[in-house]
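**Q** Just one file: run-v8.txt, with compact mmCIF, C-alpha atoms.
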# COMPACT_ATOMS: atom_id res chain seq x y z
CA ALA A 1 0.00 0.00 0.00
CA GLN A 2 1.14 3.51 -0.66
CA SER A 3 2.29 5.18 2.53
CA VAL A 4 4.11 8.15 3.96
CA THR A 5 6.38 7.73 6.97
CA GLN A 6 7.67 10.55 9.11
CA LEU A 7 10.44 9.39 11.41
CA GLY A 8 10.08 10.84 14.87
CA SER A 9 6.78 12.12 16.20
CA HIS A 10 8.64 14.76 18.20
CA VAL A 11 11.89 16.56 17.43
CA SER A 12 13.49 19.05 19.77
CA VAL A 13 16.27 21.45 18.72
CA SER A 14 18.00 24.44 20.22
CA GLU A 15 17.42 27.89 18.79
CA GLY A 16 19.95 28.43 15.99
CA ALA A 17 20.52 24.72 15.43
CA LEU A 18 19.85 22.76 12.26
CA VAL A 19 16.34 21.44 11.78
CA LEU A 20 15.98 18.08 10.03
CA LEU A 21 12.56 16.45 9.69
CA ARG A 22 12.47 13.13 7.87
CA CYS A 23 9.93 11.85 5.38
CA ASN A 24 9.95 8.65 3.35
CA TYR A 25 7.32 7.38 0.97
CA SER A 26 6.58 4.04 -0.63
CA SER A 27 6.29 4.20 -4.39
CA SER A 28 8.30 3.06 -7.37
CA VAL A 29 7.02 6.00 -9.41
CA PRO A 30 8.17 9.47 -8.33
CA PRO A 31 5.14 11.12 -6.79
CA TYR A 32 4.33 14.73 -6.06
CA LEU A 33 5.57 15.77 -2.63
CA PHE A 34 4.55 18.47 -0.19
CA TRP A 35 5.40 19.74 3.27
CA TYR A 36 2.80 21.51 5.38
CA VAL A 37 3.06 23.27 8.74
CA GLN A 38 0.32 23.52 11.35
CA TYR A 39 0.49 26.10 14.11
CA PRO A 40 -1.70 25.65 17.20
CA ASN A 41 -5.40 26.15 16.55
CA GLN A 42 -4.83 26.73 12.85
CA GLY A 43 -5.19 24.85 9.62
CA LEU A 44 -2.33 23.44 7.58
CA GLN A 45 -0.22 25.86 5.57
CA LEU A 46 1.84 24.88 2.54
CA LEU A 47 5.59 25.18 3.14
CA LEU A 48 6.86 23.86 -0.18
CA LYS A 49 6.19 21.36 -2.92
CA TYR A 50 8.11 19.19 -5.37
CA THR A 51 6.55 18.32 -8.69
CA THR A 52 9.26 18.01 -11.33
CA GLY A 53 12.62 19.58 -12.10
CA ALA A 54 15.18 20.64 -9.50
CA THR A 55 15.36 18.20 -6.63
CA LEU A 56 16.17 20.86 -4.04
CA VAL A 57 13.06 22.86 -3.32
CA LYS A 58 12.98 26.12 -1.38
CA GLY A 59 9.93 27.07 0.63
CA ILE A 60 8.74 29.76 2.95
CA ASN A 61 10.33 30.76 6.25
CA GLY A 62 13.79 29.52 5.20
CA PHE A 63 12.82 25.87 4.87
CA GLU A 64 13.94 23.64 2.02
CA ALA A 65 13.58 19.99 1.10
CA GLU A 66 15.49 17.64 -1.14
CA PHE A 67 13.86 14.92 -3.21
CA LYS A 68 16.02 11.79 -3.37
CA LYS A 69 14.49 9.23 -5.69
CA SER A 70 16.97 6.49 -4.82
CA GLU A 71 16.14 6.82 -1.13
CA THR A 72 12.41 7.58 -1.67
CA SER A 73 12.86 10.48 0.72
CA PHE A 74 11.87 14.12 0.96
CA HIS A 75 13.47 15.44 4.14
CA LEU A 76 12.80 18.98 5.34
CA THR A 77 15.64 21.15 6.61
CA LYS A 78 16.32 24.62 7.92
CA PRO A 79 19.86 25.77 8.73
CA SER A 80 18.99 27.74 11.85
CA ALA A 81 15.89 27.14 13.99
CA HIS A 82 13.87 30.03 15.32
CA MET A 83 11.43 29.98 18.21
CA SER A 84 8.62 30.75 15.78
CA ASP A 85 9.31 27.47 13.94
CA ALA A 86 7.74 25.47 16.78
CA ALA A 87 4.77 23.73 15.18
CA GLU A 88 3.58 20.43 13.73
CA TYR A 89 4.99 19.51 10.33
CA PHE A 90 3.34 17.16 7.89
CA CYS A 91 4.78 15.48 4.84
CA ALA A 92 2.19 14.72 2.16
CA VAL A 93 2.36 12.75 -1.07
CA ASN A 94 0.17 12.65 -4.14
CA PHE A 95 0.73 9.19 -5.57
CA SER A 96 -1.73 9.21 -8.44
CA GLY A 97 -4.60 11.04 -10.01
CA ASN A 98 -7.12 8.70 -8.41
CA THR A 99 -6.23 9.37 -4.81
CA PRO A 100 -5.91 12.62 -2.91
CA LEU A 101 -3.00 13.69 -0.76
CA VAL A 102 -1.77 11.10 1.72
CA PHE A 103 -0.36 12.64 4.88
CA GLY A 104 2.26 11.37 7.25
CA LYS A 105 1.40 11.30 10.95
CA GLY A 106 3.27 14.54 11.57
CA THR A 107 6.34 15.61 13.53
CA ARG A 108 6.05 18.10 16.35
CA LEU A 109 9.02 20.46 16.36
CA SER A 110 10.01 22.09 19.64
CA VAL A 111 12.61 24.87 19.72
CA ILE A 112 14.47 25.42 22.96
CA ALA A 113 15.88 28.83 23.84
CA ASP J 1 -5.26 33.61 5.48
CA SER J 2 -5.82 30.64 3.15
CA GLY J 3 -9.11 31.96 1.81
CA VAL J 4 -10.94 28.81 2.92
CA THR J 5 -13.69 29.51 5.44
CA GLN J 6 -15.11 26.93 7.80
CA THR J 7 -18.02 27.34 10.16
CA PRO J 8 -18.57 26.87 12.99
CA LYS J 9 -15.18 26.92 14.69
CA HIS J 10 -16.37 24.86 17.61
CA LEU J 11 -19.28 22.48 18.03
CA ILE J 12 -20.30 20.65 21.17
CA THR J 13 -23.09 18.13 20.94
CA ALA J 14 -24.36 14.93 22.47
CA THR J 15 -24.13 11.37 21.29
CA GLY J 16 -26.80 10.39 18.79
CA GLN J 17 -27.16 13.91 17.44
CA ARG J 18 -26.61 15.23 13.91
CA VAL J 19 -24.46 18.20 12.90
CA THR J 20 -23.56 20.02 9.71
CA LEU J 21 -20.15 21.52 9.01
CA ARG J 22 -19.84 24.14 6.33
CA CYS J 23 -16.97 25.10 4.06
CA SER J 24 -16.48 27.89 1.53
CA PRO J 25 -13.49 27.25 -0.75
CA ARG J 26 -11.02 29.81 -2.01
CA SER J 27 -12.39 31.95 -4.78
CA GLY J 28 -11.95 30.10 -8.06
CA ASP J 29 -11.17 26.71 -6.55
CA LEU J 30 -13.35 23.92 -7.91
CA SER J 31 -12.22 21.05 -5.72
CA VAL J 32 -13.12 20.60 -2.06
CA TYR J 33 -11.74 18.01 0.33
CA TRP J 34 -12.73 16.97 3.84
CA TYR J 35 -10.22 15.58 6.33
CA GLN J 36 -10.60 14.38 9.90
CA GLN J 37 -7.74 14.97 12.32
CA SER J 38 -7.51 13.09 15.60
CA LEU J 39 -4.63 12.37 17.96
CA ASP J 40 -4.58 8.64 17.34
CA GLN J 41 -5.40 8.53 13.61
CA GLY J 42 -3.68 11.65 12.33
CA LEU J 43 -5.10 13.29 9.20
CA GLN J 44 -7.58 11.00 7.50
CA PHE J 45 -9.05 11.80 4.11
CA LEU J 46 -12.84 11.58 4.06
CA ILE J 47 -14.12 12.73 0.69
CA GLN J 48 -13.42 14.98 -2.30
CA TYR J 49 -15.74 16.90 -4.60
CA TYR J 50 -14.91 18.54 -7.88
CA ASN J 51 -17.31 21.08 -9.35
CA GLY J 52 -20.28 19.51 -7.61
CA GLU J 53 -19.44 15.89 -8.32
CA GLU J 54 -17.95 13.34 -5.93
CA ARG J 55 -14.44 12.51 -7.13
CA ALA J 56 -12.84 10.38 -4.43
CA LYS J 57 -13.90 8.70 -1.24
CA GLY J 58 -11.70 7.78 1.68
CA ASN J 59 -12.37 6.41 5.13
CA ILE J 60 -15.76 8.04 5.45
CA LEU J 61 -18.30 6.31 7.65
CA GLU J 62 -21.77 5.57 6.35
CA ARG J 63 -23.12 7.88 9.07
CA PHE J 64 -21.27 10.74 7.36
CA SER J 65 -22.25 12.37 4.10
CA ALA J 66 -21.21 15.43 2.15
CA GLN J 67 -22.17 17.47 -0.86
CA GLN J 68 -20.91 20.37 -2.90
CA PHE J 69 -23.44 22.93 -4.02
CA PRO J 70 -23.62 24.90 -7.31
CA ASP J 71 -21.93 27.89 -5.66
CA LEU J 72 -19.10 25.44 -4.77
CA HIS J 73 -19.49 25.60 -1.01
CA SER J 74 -19.60 22.23 0.68
CA GLU J 75 -21.26 20.71 3.71
CA LEU J 76 -20.27 17.68 5.74
CA ASN J 77 -23.12 16.02 7.61
CA LEU J 78 -22.36 13.81 10.59
CA SER J 79 -25.21 11.82 12.10
CA SER J 80 -25.78 9.37 14.98
CA LEU J 81 -22.72 10.87 16.56
CA GLU J 82 -20.49 8.79 18.80
CA LEU J 83 -17.84 9.82 21.28
CA GLY J 84 -15.17 8.65 18.85
CA ASP J 85 -16.29 11.20 16.28
CA SER J 86 -14.79 13.96 18.40
CA ALA J 87 -12.04 15.44 16.25
CA LEU J 88 -10.92 18.39 14.22
CA TYR J 89 -12.54 18.45 10.79
CA PHE J 90 -10.73 20.29 8.05
CA CYS J 91 -11.92 21.45 4.70
CA ALA J 92 -9.39 22.16 1.97
CA SER J 93 -9.70 23.38 -1.58
CA SER J 94 -7.59 23.35 -4.70
CA ALA J 95 -7.89 24.90 -8.11
CA ARG J 96 -8.18 21.79 -10.21
CA GLY J 97 -7.58 18.83 -7.95
CA GLY J 98 -4.59 17.79 -10.05
CA LEU J 99 -1.53 15.91 -8.84
CA ASP J 100 0.56 19.04 -8.46
CA SER J 101 -2.17 21.20 -6.98
CA PRO J 102 -1.50 22.00 -3.34
CA LEU J 103 -4.39 22.00 -0.92
CA HIS J 104 -5.38 25.15 0.92
CA PHE J 105 -6.81 24.43 4.34
CA GLY J 106 -9.37 26.18 6.47
CA ASN J 107 -8.85 26.55 10.21
CA GLY J 108 -11.08 23.60 10.95
CA THR J 109 -14.15 22.84 13.01
CA ARG J 110 -13.49 21.27 16.39
CA LEU J 111 -16.26 18.80 17.16
CA THR J 112 -16.74 17.56 20.69
CA VAL J 113 -19.27 14.81 21.29
CA THR J 114 -20.28 14.34 24.93
Could you spell out this file's structure in structure tokens?
**A**
Amino acid sequence: AQSVTQLGSHVSVSEGALVLLRCNYSSSVPPYLFWYVQYPNQGLQLLLKYTTGATLVKGINGFEAEFKKSETSFHLTKPSAHMSDAAEYFCAVNFSGNTPLVFGKGTRLSVIA
Amino acid sequence: DSGVTQTPKHLITATGQRVTLRCSPRSGDLSVYWYQQSLDQGLQFLIQYYNGEERAKGNILERFSAQQFPDLHSELNLSSLELGDSALYFCASSARGGLDSPLHFGNGTRLTVT
């Protein structure tokens, strides 16, 4: 079955440290990939997306993600964490035209001062 | 602001009751999606409509139903409510519903069944 796996339900980093949130998907065909962020009491907001072309995708708020076909991964990174980055992050994959976005279970990012 | 409007923001009701959640998509978006978010299940896709027609169905219970009206707003009806239906219900919209179309989410309706 097609699935999206986010490693680590909770990641904690110090302010100014590197943020790395992991996402792997199961598919032999390169899908369309997205990262969303959810702040408390809000809906999900698109951070970035990969469709075709350059494998390194830049998003909002200094985040970027790299699509690695050989590893079926789409990890999200940010060089320097800020307190305002504390939120829940969701990786989502569109595997085919017949199914809507499949979301991972989310990773809660905490930023420590 | 995503442009997707959901009402009400909060809903508290008793078991066995019926409620209706409403969603207005972003201007120009033809596709509407409903998702349920709970702590144990994460984000679960319920149903998708495109320009008034049902396009895809996910893990939607028979007690739940939805529709998209000619003005493109959508309603999700939940009946014979159970305690386990307590969750955050999100509506999202996209322009075409294509593979590369991102979803734009509303702020959700928090349903509490007592």
**Q** For a quick check of your reading of the model, name the residues lying within 10 Å of the coordinate (-5.3, 7.6, -4.8), counting all atoms listed in the file, and write them as a list of chain:residue names.
**A**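 The distance filter leaves exactly A:Gln2, A:Val93, A:Asn94, A:Phe95, A:Ser96, A:Gly97, A:Asn98, A:Thr99, A:Pro100, A:Leu101, A:Val102, J:Ala56, J:Lys57, J:Gly58, J:Leu99.
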**Q** What residues in chain A lie within 12 Å of chain J, counting all atoms listed in the file, written as a PDB file with C-alpha atoms, keeping the file's coordinate frame?
**A**
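Saved as out_2.pdb:
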ATOM      1  CA  VAL A   4       4.110   8.150   3.960  1.00  0.00           C
ATOM      2  CA  GLN A   6       7.670  10.550   9.110  1.00  0.00           C
ATOM      3  CA  SER A   9       6.780  12.120  16.200  1.00  0.00           C
ATOM      4  CA  PRO A  30       8.170   9.470  -8.330  1.00  0.00           C
ATOM      5  CA  PRO A  31       5.140  11.120  -6.790  1.00  0.00           C
ATOM      6  CA  TYR A  32       4.330  14.730  -6.060  1.00  0.00           C
ATOM      7  CA  LEU A  33       5.570  15.770  -2.630  1.00  0.00           C
ATOM      8  CA  PHE A  34       4.550  18.470  -0.190  1.00  0.00           C
ATOM      9  CA  TRP A  35       5.400  19.740   3.270  1.00  0.00           C
ATOM     10  CA  TYR A  36       2.800  21.510   5.380  1.00  0.00           C
ATOM     11  CA  VAL A  37       3.060  23.270   8.740  1.00  0.00           C
ATOM     12  CA  GLN A  38       0.320  23.520  11.350  1.00  0.00           C
ATOM     13  CA  TYR A  39       0.490  26.100  14.110  1.00  0.00           C
ATOM     14  CA  PRO A  40      -1.700  25.650  17.200  1.00  0.00           C
ATOM     15  CA  ASN A  41      -5.400  26.150  16.550  1.00  0.00           C
ATOM     16  CA  GLN A  42      -4.830  26.730  12.850  1.00  0.00           C
ATOM     17  CA  GLY A  43      -5.190  24.850   9.620  1.00  0.00           C
ATOM     18  CA  LEU A  44      -2.330  23.440   7.580  1.00  0.00           C
ATOM     19  CA  GLN A  45      -0.220  25.860   5.570  1.00  0.00           C
ATOM     20  CA  LEU A  46       1.840  24.880   2.540  1.00  0.00           C
ATOM     21  CA  LEU A  47       5.590  25.180   3.140  1.00  0.00           C
ATOM     22  CA  LEU A  48       6.860  23.860  -0.180  1.00  0.00           C
ATOM     23  CA  LYS A  49       6.190  21.360  -2.920  1.00  0.00           C
ATOM     24  CA  TYR A  50       8.110  19.190  -5.370  1.00  0.00           C
ATOM     25  CA  THR A  51       6.550  18.320  -8.690  1.00  0.00           C
ATOM     26  CA  THR A  52       9.260  18.010 -11.330  1.00  0.00           C
ATOM     27  CA  GLU A  88       3.580  20.430  13.730  1.00  0.00           C
ATOM     28  CA  TYR A  89       4.990  19.510  10.330  1.00  0.00           C
ATOM     29  CA  PHE A  90       3.340  17.160   7.890  1.00  0.00           C
ATOM     30  CA  CYS A  91       4.780  15.480   4.840  1.00  0.00           C
ATOM     31  CA  ALA A  92       2.190  14.720   2.160  1.00  0.00           C
ATOM     32  CA  VAL A  93       2.360  12.750  -1.070  1.00  0.00           C
ATOM     33  CA  ASN A  94       0.170  12.650  -4.140  1.00  0.00           C
ATOM     34  CA  PHE A  95       0.730   9.190  -5.570  1.00  0.00           C
ATOM     35  CA  SER A  96      -1.730   9.210  -8.440  1.00  0.00           C
ATOM     36  CA  GLY A  97      -4.600  11.040 -10.010  1.00  0.00           C
ATOM     37  CA  ASN A  98      -7.120   8.700  -8.410  1.00  0.00           C
ATOM     38  CA  THR A  99      -6.230   9.370  -4.810  1.00  0.00           C
ATOM     39  CA  PRO A 100      -5.910  12.620  -2.910  1.00  0.00           C
ATOM     40  CA  LEU A 101      -3.000  13.690  -0.760  1.00  0.00           C
ATOM     41  CA  VAL A 102      -1.770  11.100   1.720  1.00  0.00           C
ATOM     42  CA  PHE A 103      -0.360  12.640   4.880  1.00  0.00           C
ATOM     43  CA  GLY A 104       2.260  11.370   7.250  1.00  0.00           C
ATOM     44  CA  LYS A 105       1.400  11.300  10.950  1.00  0.00           C
ATOM     45  CA  GLY A 106       3.270  14.540  11.570  1.00  0.00           C
ATOM     46  CA  THR A 107       6.340  15.610  13.530  1.00  0.00           C
TER      47      THR A 107
END
**Q** Just how far from CA of Ser94 (chain J) is CA of His75 (chain A), in Å to one decimal?
**A** 24.2 Å
**Q** So how many Å separate CA of Pro70 (chain J) and CA of Gln17 (chain J), to one decimal?
**A**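 Those two atoms sit 27.3 Å apart.
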**Q** Please compute the CA of Ser74 (chain J)-CA of Pro25 (chain J) distance, one decimal, in Å.
**A** 8.0 Å
**Q** So that I can check the surroundings of Ser70 (chain A), please list as a PyMOL selection string every protein, DNA and RNA residue that reaches within 10 Å of it, counting all atoms listed in the file and ignoring chain neighbours fewer than 2 positions away.
**A** chain A and resi 28+30+67-68+72-73
**Q** Neighbours of His73 (chain J) within 8 Å (all atoms listed in the file; same-chain residues fewer than 6 positions away dropped), as a list in words?
**A**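 So, after excluding close chain neighbours, the residues are Arg22, Cys23, Ser24 and Pro25 of chain J.
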**Q** So, with all atoms listed in the file as the atoms that count, which of A:Asn61, A:Ser84, A:Thr77, A:Ser110 lies closest to Leu21 (chain A)?
**A** A:Thr77
**Q** If you count only C-alpha atoms, which residues fall within 8 Å of Ser80 (chain A), apart from same-chain ones fewer than 2 positions away, as number ranges by chain?
**A** A: 15-19, 78, 82
